[in-house]
file upload-v6.pdb (PDB, C-alpha atoms, pLDDT in the B column)
ATOM      1  CA  THR U 456     -19.382  -7.675  -8.791  1.00 65.00           C
ATOM      2  CA  GLN U 457     -19.453 -10.836  -6.693  1.00 79.00           C
ATOM      3  CA  LEU U 458     -21.443 -11.043  -3.488  1.00 90.00           C
ATOM      4  CA  LEU U 459     -18.471 -12.797  -1.868  1.00 94.00           C
ATOM      5  CA  GLU U 460     -14.998 -11.367  -2.458  1.00 94.00           C
ATOM      6  CA  GLN U 461     -12.257 -13.899  -1.936  1.00 96.00           C
ATOM      7  CA  SER U 462      -8.569 -13.058  -1.535  1.00 95.00           C
ATOM      8  CA  PRO U 463      -5.908 -13.636  -2.519  1.00 97.00           C
ATOM      9  CA  GLN U 464      -6.657 -15.091  -5.952  1.00 95.00           C
ATOM     10  CA  PHE U 465      -3.311 -16.891  -6.144  1.00 96.00           C
ATOM     11  CA  LEU U 466      -0.897 -18.028  -3.475  1.00 97.00           C
ATOM     12  CA  SER U 467       2.380 -19.848  -4.006  1.00 97.00           C
ATOM     13  CA  ILE U 468       4.268 -20.778  -0.850  1.00 97.00           C
ATOM     14  CA  GLN U 469       6.916 -23.168   0.423  1.00 98.00           C
ATOM     15  CA  GLU U 470       6.088 -26.273   2.405  1.00 98.00           C
ATOM     16  CA  GLY U 471       5.904 -25.468   6.117  1.00 97.00           C
ATOM     17  CA  GLU U 472       4.663 -21.905   5.750  1.00 98.00           C
ATOM     18  CA  ASN U 473       1.375 -20.622   7.148  1.00 98.00           C
ATOM     19  CA  LEU U 474      -1.299 -18.886   5.105  1.00 98.00           C
ATOM     20  CA  THR U 475      -4.714 -17.266   5.427  1.00 98.00           C
ATOM     21  CA  VAL U 476      -7.463 -16.947   2.820  1.00 98.00           C
ATOM     22  CA  TYR U 477     -10.242 -14.413   3.253  1.00 98.00           C
ATOM     23  CA  CYS U 478     -13.853 -14.298   2.165  1.00 97.00           C
ATOM     24  CA  ASN U 479     -15.666 -10.974   2.598  1.00 96.00           C
ATOM     25  CA  SER U 480     -19.105  -9.561   1.912  1.00 96.00           C
ATOM     26  CA  SER U 481     -21.415  -6.743   2.897  1.00 94.00           C
ATOM     27  CA  SER U 482     -24.281  -9.254   3.178  1.00 94.00           C
ATOM     28  CA  VAL U 483     -25.223 -11.343   6.211  1.00 95.00           C
ATOM     29  CA  PHE U 484     -25.202 -15.099   5.634  1.00 94.00           C
ATOM     30  CA  SER U 485     -27.141 -17.854   7.388  1.00 93.00           C
ATOM     31  CA  SER U 486     -24.213 -20.196   6.768  1.00 92.00           C
ATOM     32  CA  LEU U 487     -20.887 -20.213   5.009  1.00 95.00           C
ATOM     33  CA  GLN U 488     -18.961 -23.137   3.521  1.00 96.00           C
ATOM     34  CA  TRP U 489     -15.389 -23.774   2.458  1.00 97.00           C
ATOM     35  CA  TYR U 490     -14.507 -26.218  -0.309  1.00 97.00           C
ATOM     36  CA  ARG U 491     -11.311 -27.585  -1.829  1.00 97.00           C
ATOM     37  CA  GLN U 492     -11.225 -28.545  -5.481  1.00 96.00           C
ATOM     38  CA  GLU U 493      -8.620 -30.457  -7.475  1.00 94.00           C
ATOM     39  CA  PRO U 494      -8.323 -30.022 -11.283  1.00 90.00           C
ATOM     40  CA  GLY U 495     -11.057 -31.843 -13.198  1.00 89.00           C
ATOM     41  CA  GLU U 496     -12.948 -32.824 -10.037  1.00 93.00           C
ATOM     42  CA  GLY U 497     -15.900 -31.437  -8.125  1.00 95.00           C
ATOM     43  CA  PRO U 498     -15.424 -29.240  -5.041  1.00 96.00           C
ATOM     44  CA  VAL U 499     -15.231 -31.191  -1.783  1.00 96.00           C
ATOM     45  CA  LEU U 500     -16.884 -29.686   1.270  1.00 96.00           C
ATOM     46  CA  LEU U 501     -14.408 -28.968   4.084  1.00 97.00           C
ATOM     47  CA  VAL U 502     -16.562 -27.203   6.651  1.00 96.00           C
ATOM     48  CA  THR U 503     -19.808 -25.326   7.263  1.00 94.00           C
ATOM     49  CA  VAL U 504     -20.004 -22.491   9.807  1.00 95.00           C
ATOM     50  CA  VAL U 505     -23.357 -21.210  10.990  1.00 93.00           C
ATOM     51  CA  THR U 506     -22.820 -19.200  14.208  1.00 94.00           C
ATOM     52  CA  GLY U 507     -21.265 -15.723  14.294  1.00 95.00           C
ATOM     53  CA  GLY U 508     -17.764 -15.916  15.814  1.00 96.00           C
ATOM     54  CA  GLU U 509     -17.619 -19.681  15.332  1.00 96.00           C
ATOM     55  CA  VAL U 510     -14.189 -21.301  14.962  1.00 97.00           C
ATOM     56  CA  LYS U 511     -13.780 -24.813  13.565  1.00 97.00           C
ATOM     57  CA  LYS U 512     -10.597 -26.831  13.217  1.00 97.00           C
ATOM     58  CA  LEU U 513      -9.853 -29.608  10.782  1.00 96.00           C
ATOM     59  CA  LYS U 514      -6.320 -30.879  11.490  1.00 96.00           C
ATOM     60  CA  ARG U 515      -4.059 -28.010  10.290  1.00 97.00           C
ATOM     61  CA  LEU U 516      -6.965 -25.969   8.913  1.00 98.00           C
ATOM     62  CA  THR U 517      -8.765 -23.382  11.046  1.00 98.00           C
ATOM     63  CA  PHE U 518     -11.987 -21.772   9.855  1.00 98.00           C
ATOM     64  CA  GLN U 519     -13.546 -18.696  11.395  1.00 98.00           C
ATOM     65  CA  PHE U 520     -16.938 -17.073  10.813  1.00 97.00           C
ATOM     66  CA  GLY U 521     -17.049 -13.334  11.504  1.00 96.00           C
ATOM     67  CA  ASP U 522     -19.104 -12.065  14.450  1.00 96.00           C
ATOM     68  CA  ALA U 523     -21.438 -10.228  12.074  1.00 96.00           C
ATOM     69  CA  ARG U 524     -21.720 -13.309   9.771  1.00 96.00           C
ATOM     70  CA  LYS U 525     -20.436 -11.279   6.792  1.00 96.00           C
ATOM     71  CA  ASP U 526     -16.967 -12.739   6.433  1.00 96.00           C
ATOM     72  CA  SER U 527     -14.857 -15.814   7.011  1.00 97.00           C
ATOM     73  CA  SER U 528     -11.231 -16.889   6.968  1.00 98.00           C
ATOM     74  CA  LEU U 529      -9.365 -20.120   6.375  1.00 98.00           C
ATOM     75  CA  HIS U 530      -5.951 -20.470   8.009  1.00 98.00           C
ATOM     76  CA  ILE U 531      -3.589 -23.307   7.138  1.00 98.00           C
ATOM     77  CA  THR U 532      -0.694 -24.045   9.474  1.00 98.00           C
ATOM     78  CA  ALA U 533       2.498 -25.649   8.157  1.00 98.00           C
ATOM     79  CA  ALA U 534       1.182 -26.095   4.617  1.00 97.00           C
ATOM     80  CA  GLN U 535       2.028 -29.309   2.768  1.00 97.00           C
ATOM     81  CA  PRO U 536       2.114 -30.070  -0.979  1.00 97.00           C
ATOM     82  CA  GLY U 537      -1.070 -32.103  -0.491  1.00 96.00           C
ATOM     83  CA  ASP U 538      -2.875 -28.850   0.410  1.00 97.00           C
ATOM     84  CA  THR U 539      -2.426 -27.634  -3.178  1.00 97.00           C
ATOM     85  CA  GLY U 540      -5.738 -26.911  -4.874  1.00 97.00           C
ATOM     86  CA  LEU U 541      -8.488 -24.362  -5.450  1.00 97.00           C
ATOM     87  CA  TYR U 542     -10.184 -23.179  -2.258  1.00 98.00           C
ATOM     88  CA  LEU U 543     -13.708 -21.836  -2.616  1.00 97.00           C
ATOM     89  CA  CYS U 544     -15.937 -20.115  -0.105  1.00 97.00           C
ATOM     90  CA  ALA U 545     -19.713 -20.100  -0.515  1.00 96.00           C
ATOM     91  CA  GLY U 546     -22.515 -18.547   1.466  1.00 94.00           C
ATOM     92  CA  ALA U 547     -26.255 -19.004   1.789  1.00 92.00           C
ATOM     93  CA  LEU U 548     -28.497 -16.008   2.447  1.00 90.00           C
ATOM     94  CA  TYR U 549     -31.482 -16.302   4.782  1.00 85.00           C
ATOM     95  CA  ASN U 550     -34.548 -17.788   3.047  1.00 80.00           C
ATOM     96  CA  PHE U 551     -32.793 -18.032  -0.307  1.00 82.00           C
ATOM     97  CA  ASN U 552     -32.540 -21.299  -2.211  1.00 82.00           C
ATOM     98  CA  LYS U 553     -29.038 -20.942  -3.640  1.00 87.00           C
ATOM     99  CA  PHE U 554     -25.409 -20.489  -2.676  1.00 91.00           C
ATOM    100  CA  TYR U 555     -23.151 -17.603  -3.641  1.00 93.00           C
ATOM    101  CA  PHE U 556     -19.548 -18.505  -4.435  1.00 94.00           C
ATOM    102  CA  GLY U 557     -16.336 -16.546  -4.175  1.00 94.00           C
ATOM    103  CA  SER U 558     -14.006 -16.548  -7.167  1.00 93.00           C
ATOM    104  CA  GLY U 559     -11.590 -18.938  -5.468  1.00 95.00           C
ATOM    105  CA  THR U 560      -7.991 -18.989  -4.228  1.00 97.00           C
ATOM    106  CA  LYS U 561      -5.551 -21.106  -6.157  1.00 96.00           C
ATOM    107  CA  LEU U 562      -2.975 -22.430  -3.689  1.00 97.00           C
ATOM    108  CA  ASN U 563       0.318 -24.016  -4.704  1.00 97.00           C
ATOM    109  CA  VAL U 564       2.513 -25.453  -1.983  1.00 97.00           C
ATOM    110  CA  LYS U 565       6.024 -26.186  -3.186  1.00 97.00           C
ATOM    111  CA  PRO U 566       8.046 -28.984  -1.590  1.00 95.00           C
TER     112      PRO U 566
ATOM    113  CA  GLU V1162     -23.493 -45.706  -4.015  1.00 55.00           C
ATOM    114  CA  THR V1163     -23.210 -42.633  -1.866  1.00 73.00           C
ATOM    115  CA  GLY V1164     -23.034 -38.910  -2.490  1.00 94.00           C
ATOM    116  CA  VAL V1165     -23.606 -37.312  -5.873  1.00 97.00           C
ATOM    117  CA  THR V1166     -22.763 -39.137  -9.088  1.00 97.00           C
ATOM    118  CA  GLN V1167     -22.476 -37.728 -12.587  1.00 98.00           C
ATOM    119  CA  THR V1168     -22.247 -39.396 -15.988  1.00 97.00           C
ATOM    120  CA  PRO V1169     -20.478 -39.243 -18.278  1.00 97.00           C
ATOM    121  CA  ARG V1170     -17.253 -37.932 -16.780  1.00 97.00           C
ATOM    122  CA  HIS V1171     -15.985 -36.799 -20.157  1.00 97.00           C
ATOM    123  CA  LEU V1172     -17.908 -35.839 -23.296  1.00 97.00           C
ATOM    124  CA  VAL V1173     -16.765 -34.606 -26.681  1.00 96.00           C
ATOM    125  CA  MET V1174     -19.497 -33.436 -29.013  1.00 94.00           C
ATOM    126  CA  GLY V1175     -19.880 -31.570 -32.271  1.00 91.00           C
ATOM    127  CA  MET V1176     -21.909 -28.391 -32.507  1.00 90.00           C
ATOM    128  CA  THR V1177     -24.800 -30.200 -34.223  1.00 88.00           C
ATOM    129  CA  ASN V1178     -25.020 -33.093 -31.739  1.00 89.00           C
ATOM    130  CA  LYS V1179     -27.584 -33.665 -28.998  1.00 94.00           C
ATOM    131  CA  LYS V1180     -26.422 -35.186 -25.749  1.00 96.00           C
ATOM    132  CA  SER V1181     -27.513 -35.348 -22.119  1.00 97.00           C
ATOM    133  CA  LEU V1182     -25.689 -35.131 -18.808  1.00 98.00           C
ATOM    134  CA  LYS V1183     -27.020 -37.126 -15.885  1.00 98.00           C
ATOM    135  CA  CYS V1184     -26.790 -36.484 -12.159  1.00 98.00           C
ATOM    136  CA  GLU V1185     -28.041 -38.615  -9.276  1.00 98.00           C
ATOM    137  CA  GLN V1186     -27.907 -37.825  -5.573  1.00 97.00           C
ATOM    138  CA  HIS V1187     -28.129 -40.502  -2.881  1.00 95.00           C
ATOM    139  CA  LEU V1188     -28.333 -38.098   0.064  1.00 95.00           C
ATOM    140  CA  GLY V1189     -32.102 -37.623   0.345  1.00 93.00           C
ATOM    141  CA  HIS V1190     -31.775 -33.909  -0.445  1.00 93.00           C
ATOM    142  CA  ASN V1191     -34.603 -31.823  -1.860  1.00 91.00           C
ATOM    143  CA  ALA V1192     -32.627 -29.325  -3.935  1.00 93.00           C
ATOM    144  CA  MET V1193     -30.386 -29.909  -6.945  1.00 95.00           C
ATOM    145  CA  TYR V1194     -28.196 -27.537  -8.946  1.00 96.00           C
ATOM    146  CA  TRP V1195     -26.305 -27.275 -12.216  1.00 97.00           C
ATOM    147  CA  TYR V1196     -23.125 -25.168 -12.324  1.00 97.00           C
ATOM    148  CA  LYS V1197     -20.712 -24.326 -15.131  1.00 97.00           C
ATOM    149  CA  GLN V1198     -17.009 -23.924 -14.392  1.00 96.00           C
ATOM    150  CA  SER V1199     -14.851 -22.483 -17.165  1.00 93.00           C
ATOM    151  CA  ALA V1200     -11.122 -21.935 -17.018  1.00 86.00           C
ATOM    152  CA  LYS V1201     -10.192 -18.692 -15.259  1.00 77.00           C
ATOM    153  CA  LYS V1202     -13.832 -17.881 -14.404  1.00 85.00           C
ATOM    154  CA  PRO V1203     -15.743 -18.196 -11.132  1.00 86.00           C
ATOM    155  CA  LEU V1204     -18.265 -20.963 -10.677  1.00 92.00           C
ATOM    156  CA  GLU V1205     -21.492 -20.006 -12.490  1.00 94.00           C
ATOM    157  CA  LEU V1206     -24.888 -21.141 -11.227  1.00 95.00           C
ATOM    158  CA  MET V1207     -27.109 -22.294 -14.115  1.00 97.00           C
ATOM    159  CA  PHE V1208     -30.270 -23.865 -12.670  1.00 96.00           C
ATOM    160  CA  VAL V1209     -31.819 -24.632  -9.285  1.00 94.00           C
ATOM    161  CA  TYR V1210     -34.536 -27.205  -8.587  1.00 94.00           C
ATOM    162  CA  ASN V1211     -36.426 -27.512  -5.317  1.00 89.00           C
ATOM    163  CA  PHE V1212     -38.714 -30.511  -4.896  1.00 87.00           C
ATOM    164  CA  LYS V1213     -38.489 -31.101  -8.686  1.00 87.00           C
ATOM    165  CA  GLU V1214     -39.614 -27.547  -9.488  1.00 89.00           C
ATOM    166  CA  GLN V1215     -37.260 -25.153 -11.240  1.00 90.00           C
ATOM    167  CA  THR V1216     -36.768 -22.133  -9.016  1.00 88.00           C
ATOM    168  CA  GLU V1217     -33.852 -20.466 -10.755  1.00 89.00           C
ATOM    169  CA  ASN V1218     -32.688 -20.066 -14.334  1.00 90.00           C
ATOM    170  CA  ASN V1219     -29.646 -17.824 -14.355  1.00 89.00           C
ATOM    171  CA  SER V1220     -30.165 -16.438 -17.887  1.00 91.00           C
ATOM    172  CA  VAL V1221     -28.933 -19.669 -19.419  1.00 95.00           C
ATOM    173  CA  PRO V1222     -29.204 -19.996 -23.241  1.00 95.00           C
ATOM    174  CA  SER V1223     -31.995 -22.264 -24.447  1.00 95.00           C
ATOM    175  CA  ARG V1224     -29.493 -24.711 -25.957  1.00 96.00           C
ATOM    176  CA  PHE V1225     -29.186 -25.962 -22.358  1.00 97.00           C
ATOM    177  CA  SER V1226     -32.396 -27.638 -21.192  1.00 97.00           C
ATOM    178  CA  PRO V1227     -32.653 -29.044 -17.657  1.00 97.00           C
ATOM    179  CA  GLU V1228     -34.976 -31.799 -16.504  1.00 97.00           C
ATOM    180  CA  CYS V1229     -35.706 -32.969 -12.965  1.00 96.00           C
ATOM    181  CA  PRO V1230     -38.037 -36.004 -12.963  1.00 95.00           C
ATOM    182  CA  ASN V1231     -37.727 -36.499  -9.188  1.00 93.00           C
ATOM    183  CA  SER V1232     -35.730 -35.165  -6.250  1.00 91.00           C
ATOM    184  CA  SER V1233     -32.892 -37.625  -6.829  1.00 95.00           C
ATOM    185  CA  HIS V1234     -32.256 -37.166 -10.542  1.00 97.00           C
ATOM    186  CA  LEU V1235     -31.266 -34.194 -12.648  1.00 97.00           C
ATOM    187  CA  PHE V1236     -30.480 -34.031 -16.344  1.00 98.00           C
ATOM    188  CA  LEU V1237     -28.989 -31.373 -18.588  1.00 98.00           C
ATOM    189  CA  HIS V1238     -29.949 -31.785 -22.231  1.00 98.00           C
ATOM    190  CA  LEU V1239     -27.534 -30.206 -24.690  1.00 97.00           C
ATOM    191  CA  HIS V1240     -28.130 -29.270 -28.325  1.00 94.00           C
ATOM    192  CA  THR V1241     -26.499 -27.018 -30.876  1.00 94.00           C
ATOM    193  CA  LEU V1242     -23.725 -26.038 -28.497  1.00 94.00           C
ATOM    194  CA  GLN V1243     -20.924 -23.570 -29.204  1.00 94.00           C
ATOM    195  CA  PRO V1244     -17.195 -24.053 -28.585  1.00 94.00           C
ATOM    196  CA  GLU V1245     -17.380 -21.520 -25.726  1.00 94.00           C
ATOM    197  CA  ASP V1246     -19.709 -23.937 -23.927  1.00 96.00           C
ATOM    198  CA  SER V1247     -16.743 -26.226 -23.320  1.00 96.00           C
ATOM    199  CA  ALA V1248     -16.338 -26.390 -19.539  1.00 96.00           C
ATOM    200  CA  LEU V1249     -16.655 -28.567 -16.452  1.00 97.00           C
ATOM    201  CA  TYR V1250     -20.353 -29.024 -15.634  1.00 98.00           C
ATOM    202  CA  LEU V1251     -21.013 -29.706 -11.992  1.00 98.00           C
ATOM    203  CA  CYS V1252     -24.123 -31.028 -10.314  1.00 98.00           C
ATOM    204  CA  ALA V1253     -24.784 -30.466  -6.620  1.00 97.00           C
ATOM    205  CA  SER V1254     -27.466 -31.153  -4.041  1.00 96.00           C
ATOM    206  CA  SER V1255     -28.409 -29.663  -0.699  1.00 93.00           C
ATOM    207  CA  GLN V1256     -31.040 -29.764   1.998  1.00 89.00           C
ATOM    208  CA  ALA V1257     -32.579 -26.790   3.750  1.00 78.00           C
ATOM    209  CA  ARG V1258     -32.841 -26.829   7.564  1.00 75.00           C
ATOM    210  CA  ASP V1259     -35.268 -24.456   9.238  1.00 75.00           C
ATOM    211  CA  GLY V1260     -35.784 -22.906   5.804  1.00 73.00           C
ATOM    212  CA  ASN V1261     -32.111 -22.131   5.334  1.00 80.00           C
ATOM    213  CA  LEU V1262     -29.472 -23.907   3.278  1.00 82.00           C
ATOM    214  CA  ARG V1263     -26.477 -25.549   4.908  1.00 80.00           C
ATOM    215  CA  GLU V1264     -24.107 -27.918   3.155  1.00 87.00           C
ATOM    216  CA  GLN V1265     -23.992 -28.448  -0.582  1.00 93.00           C
ATOM    217  CA  TYR V1266     -22.430 -31.578  -2.027  1.00 96.00           C
ATOM    218  CA  PHE V1267     -20.982 -31.764  -5.491  1.00 97.00           C
ATOM    219  CA  GLY V1268     -20.592 -34.525  -8.021  1.00 97.00           C
ATOM    220  CA  PRO V1269     -17.263 -35.148  -9.787  1.00 97.00           C
ATOM    221  CA  GLY V1270     -18.359 -33.168 -12.844  1.00 97.00           C
ATOM    222  CA  THR V1271     -18.586 -33.785 -16.584  1.00 97.00           C
ATOM    223  CA  ARG V1272     -15.754 -32.352 -18.671  1.00 97.00           C
ATOM    224  CA  LEU V1273     -17.462 -31.201 -21.885  1.00 97.00           C
ATOM    225  CA  THR V1274     -15.574 -30.338 -25.042  1.00 96.00           C
ATOM    226  CA  VAL V1275     -17.490 -28.889 -27.992  1.00 95.00           C
ATOM    227  CA  THR V1276     -15.692 -29.200 -31.316  1.00 93.00           C
TER     228      THR V1276
END

call {"tool": "encode", "arguments": {"input": "upload-v6.pdb", "output": "structure tokens"}}
result
Amino acid sequence: TQLLEQSPQFLSIQEGENLTVYCNSSSVFSSLQWYRQEPGEGPVLLVTVVTGGEVKKLKRLTFQFGDARKDSSLHITAAQPGDTGLYLCAGALYNFNKFYFGSGTKLNVKP
Amino acid sequence: ETGVTQTPRHLVMGMTNKKSLKCEQHLGHNAMYWYKQSAKKPLELMFVYNFKEQTENNSVPSRFSPECPNSSHLFLHLHTLQPEDSALYLCASSQARDGNLREQYFGPGTRLTVT
């Protein structure tokens, strides 16, 4: 079993719709990151959240870190075809030297 | 150059070949990582280096041999690979703050095909 459970695994929506991706765990993280990856390329860091309850916005993307630092969500408003890609969440545990990744959400936004 | 670079971007090798993947980070980070990403599988951590010392080997077969000569460079030496080793190999770097990790930055990856 993965330390970080990400859902849904796949999401296919029409342009203009809203969506939310979830990342859940029973562990407490010192920080949590969200990445977007295109086929054949490396993941690109979108945001890092470090404070429980923190909300960060990046244009149409809103990221939230749970109060207990065990979960996070990514909300996209008015999705566009350019948002298509694999979204990955990753977390770092306190005093550990590695990141734990979710299994990813493959998003397809149809024009 | 900025960020994390990887060479080559694509590699095709036979099962008896020996090749090496190279990664360089220009971010001044003290930790570097190798990951394997196969189709329809989650990202798999292979190795972690902190200040050039290997701190994690995630049960990786010995046909994969990492090398970290300094904090900016990381290599993955490959020999006698199997077709199931075909995957995207990603290098990443990060820096701890107050003893805890924050952002991790990835290179573009090397697409490896073993024939």

call {"tool": "resolve_selection", "arguments": {"input": "upload-v6.pdb", "expression": "the PyMOL selection byres ((chain V) within 12 of (chain U))", "output": "VMD selection string"}}
result
chain V and resid 1164 to 1167 1170 to 1171 1191 to 1212 1214 to 1219 1248 to 1273

call {"tool": "residues_around", "arguments": {"input": "upload-v6.pdb", "residues": "V:Leu1182", "least_positions_apart": "6", "cutoff": "7 Å", "atoms": "all atoms listed in the file", "output": "PyMOL selection string"}}
result
chain V and resi 1168-1169+1236-1238

call {"tool": "axis_aligned_box", "arguments": {"input": "upload-v6.pdb", "around": "stretch 1185-1189 of chain V", "padding_each_side": "5 Å", "output": "JSON"}}
result
{"center_x": -30.0, "center_y": -39.1, "center_z": -4.5, "size_x": 14.2, "size_y": 12.9, "size_z": 19.6}

call {"tool": "closest_residue", "arguments": {"input": "upload-v6.pdb", "among": "V:Gln1243, V:Thr1163, V:Thr1274, V:Pro1227", "to": "V:Thr1177", "atoms": "all atoms listed in the file"}}
result
V:Gln1243

call {"tool": "atom_distance", "arguments": {"input": "upload-v6.pdb", "atom1": "atom CA of U:Thr560", "atom2": "atom CA of V:His1187"}}
result
29.5 Å

call {"tool": "closest_residue", "arguments": {"input": "upload-v6.pdb", "among": "U:Glu470, U:Glu493, U:Glu509, U:Glu460", "to": "U:Val564", "atoms": "only C-alpha atoms"}}
result
U:Glu470

call {"tool": "residues_around", "arguments": {"input": "upload-v6.pdb", "residues": "U:Ile468", "least_positions_apart": "5", "cutoff": "9 Å", "atoms": "all atoms listed in the file", "output": "list in words"}}
result
Asn473, Leu474, Ala534, Leu562, Asn563, Val564 and Lys565 of chain U

call {"tool": "residues_around", "arguments": {"input": "upload-v6.pdb", "residues": "U:His530", "least_positions_apart": "5", "cutoff": "10 Å", "atoms": "all atoms listed in the file", "output": "number ranges by chain"}}
result
U: 473-477, 512, 515-519

call {"tool": "atom_distance", "arguments": {"input": "upload-v6.pdb", "atom1": "atom CA of V:Ser1223", "atom2": "atom CA of V:Leu1172"}}
result
19.6 Å

call {"tool": "resolve_selection", "arguments": {"input": "upload-v6.pdb", "expression": "the PyMOL selection byres ((chain U and resi 523) around 9)", "output": "CSV table (one decimal) with C-alpha atoms, in the frame of the given file"}}
result
chain,number,residue,atom,x,y,z
U,483,VAL,CA,-25.2,-11.3,6.2
U,484,PHE,CA,-25.2,-15.1,5.6
U,507,GLY,CA,-21.3,-15.7,14.3
U,508,GLY,CA,-17.8,-15.9,15.8
U,520,PHE,CA,-16.9,-17.1,10.8
U,521,GLY,CA,-17.0,-13.3,11.5
U,522,ASP,CA,-19.1,-12.1,14.4
U,524,ARG,CA,-21.7,-13.3,9.8
U,525,LYS,CA,-20.4,-11.3,6.8
U,526,ASP,CA,-17.0,-12.7,6.4

call {"tool": "resolve_selection", "arguments": {"input": "upload-v6.pdb", "expression": "the PyMOL selection byres ((chain V and resi 1276) around 9)", "output": "PyMOL selection string"}}
result
chain V and resi 1173-1176+1243-1244+1247+1274-1275

call {"tool": "atom_distance", "arguments": {"input": "upload-v6.pdb", "atom1": "atom CA of U:Leu541", "atom2": "atom CA of U:Lys511"}}
result
19.7 Å

call {"tool": "closest_residue", "arguments": {"input": "upload-v6.pdb", "among": "U:Ser527, U:Thr506, U:Leu458, U:Lys561", "to": "U:Gly540", "atoms": "all atoms listed in the file"}}
result
U:Lys561

call {"tool": "closest_residue", "arguments": {"input": "upload-v6.pdb", "among": "U:Val510, U:Cys478, U:Arg491, U:Pro536", "to": "U:Gln464", "atoms": "only C-alpha atoms"}}
result
U:Cys478

call {"tool": "decode", "arguments": {"input": "upload-v6.pdb", "residues": "stretch 1204-1262 of chain V", "atoms": "C-alpha atoms", "output": "PDB file, in the first residue's frame"}}
result
ATOM      1  CA  LEU V1204       6.967   6.542  -9.489  1.00  0.00           C
ATOM      2  CA  GLU V1205       9.533   4.245  -7.828  1.00  0.00           C
ATOM      3  CA  LEU V1206      12.371   5.637  -5.725  1.00  0.00           C
ATOM      4  CA  MET V1207      15.653   3.833  -6.485  1.00  0.00           C
ATOM      5  CA  PHE V1208      18.487   5.651  -4.692  1.00  0.00           C
ATOM      6  CA  VAL V1209      19.007   8.673  -2.446  1.00  0.00           C
ATOM      7  CA  TYR V1210      22.283  10.534  -1.903  1.00  0.00           C
ATOM      8  CA  ASN V1211      22.854  13.160   0.769  1.00  0.00           C
ATOM      9  CA  PHE V1212      26.120  15.090   0.651  1.00  0.00           C
ATOM     10  CA  LYS V1213      27.494  12.443  -1.771  1.00  0.00           C
ATOM     11  CA  GLU V1214      26.693   9.581   0.618  1.00  0.00           C
ATOM     12  CA  GLN V1215      24.136   6.957  -0.341  1.00  0.00           C
ATOM     13  CA  THR V1216      21.394   6.965   2.265  1.00  0.00           C
ATOM     14  CA  GLU V1217      18.793   4.835   0.532  1.00  0.00           C
ATOM     15  CA  ASN V1218      18.833   1.845  -1.788  1.00  0.00           C
ATOM     16  CA  ASN V1219      15.266   0.750  -2.384  1.00  0.00           C
ATOM     17  CA  SER V1220      16.059  -2.938  -3.044  1.00  0.00           C
ATOM     18  CA  VAL V1221      17.357  -2.120  -6.501  1.00  0.00           C
ATOM     19  CA  PRO V1222      18.983  -4.993  -8.474  1.00  0.00           C
ATOM     20  CA  SER V1223      22.768  -4.839  -8.676  1.00  0.00           C
ATOM     21  CA  ARG V1224      22.648  -4.362 -12.456  1.00  0.00           C
ATOM     22  CA  PHE V1225      21.925  -0.719 -11.549  1.00  0.00           C
ATOM     23  CA  SER V1226      24.944   0.934  -9.930  1.00  0.00           C
ATOM     24  CA  PRO V1227      24.762   4.569  -8.793  1.00  0.00           C
ATOM     25  CA  GLU V1228      27.685   6.935  -8.372  1.00  0.00           C
ATOM     26  CA  CYS V1229      27.740  10.392  -6.798  1.00  0.00           C
ATOM     27  CA  PRO V1230      31.194  12.007  -7.124  1.00  0.00           C
ATOM     28  CA  ASN V1231      30.000  15.337  -5.684  1.00  0.00           C
ATOM     29  CA  SER V1232      26.777  17.053  -4.652  1.00  0.00           C
ATOM     30  CA  SER V1233      26.104  18.308  -8.174  1.00  0.00           C
ATOM     31  CA  HIS V1234      26.564  15.131 -10.197  1.00  0.00           C
ATOM     32  CA  LEU V1235      24.865  11.760 -10.141  1.00  0.00           C
ATOM     33  CA  PHE V1236      25.364   8.786 -12.423  1.00  0.00           C
ATOM     34  CA  LEU V1237      23.492   5.538 -12.936  1.00  0.00           C
ATOM     35  CA  HIS V1238      25.639   2.798 -14.436  1.00  0.00           C
ATOM     36  CA  LEU V1239      23.707   0.103 -16.274  1.00  0.00           C
ATOM     37  CA  HIS V1240      24.837  -3.404 -17.203  1.00  0.00           C
ATOM     38  CA  THR V1241      23.178  -6.643 -18.200  1.00  0.00           C
ATOM     39  CA  LEU V1242      19.726  -5.094 -18.149  1.00  0.00           C
ATOM     40  CA  GLN V1243      16.444  -6.891 -18.811  1.00  0.00           C
ATOM     41  CA  PRO V1244      13.618  -5.787 -21.116  1.00  0.00           C
ATOM     42  CA  GLU V1245      11.458  -5.039 -18.050  1.00  0.00           C
ATOM     43  CA  ASP V1246      13.994  -2.362 -17.096  1.00  0.00           C
ATOM     44  CA  SER V1247      12.744  -0.253 -19.994  1.00  0.00           C
ATOM     45  CA  ALA V1248      11.295   2.893 -18.414  1.00  0.00           C
ATOM     46  CA  LEU V1249      11.723   6.627 -17.924  1.00  0.00           C
ATOM     47  CA  TYR V1250      14.570   7.233 -15.459  1.00  0.00           C
ATOM     48  CA  LEU V1251      14.273  10.486 -13.588  1.00  0.00           C
ATOM     49  CA  CYS V1252      16.856  12.344 -11.561  1.00  0.00           C
ATOM     50  CA  ALA V1253      15.866  14.894  -8.933  1.00  0.00           C
ATOM     51  CA  SER V1254      17.481  17.128  -6.340  1.00  0.00           C
ATOM     52  CA  SER V1255      16.319  18.818  -3.167  1.00  0.00           C
ATOM     53  CA  GLN V1256      17.537  20.800  -0.201  1.00  0.00           C
ATOM     54  CA  ALA V1257      16.546  20.284   3.409  1.00  0.00           C
ATOM     55  CA  ARG V1258      15.535  23.324   5.496  1.00  0.00           C
ATOM     56  CA  ASP V1259      15.582  23.028   9.268  1.00  0.00           C
ATOM     57  CA  GLY V1260      16.252  19.321   8.753  1.00  0.00           C
ATOM     58  CA  ASN V1261      13.138  18.800   6.668  1.00  0.00           C
ATOM     59  CA  LEU V1262      12.726  18.452   2.919  1.00  0.00           C
TER      60      LEU V1262
END
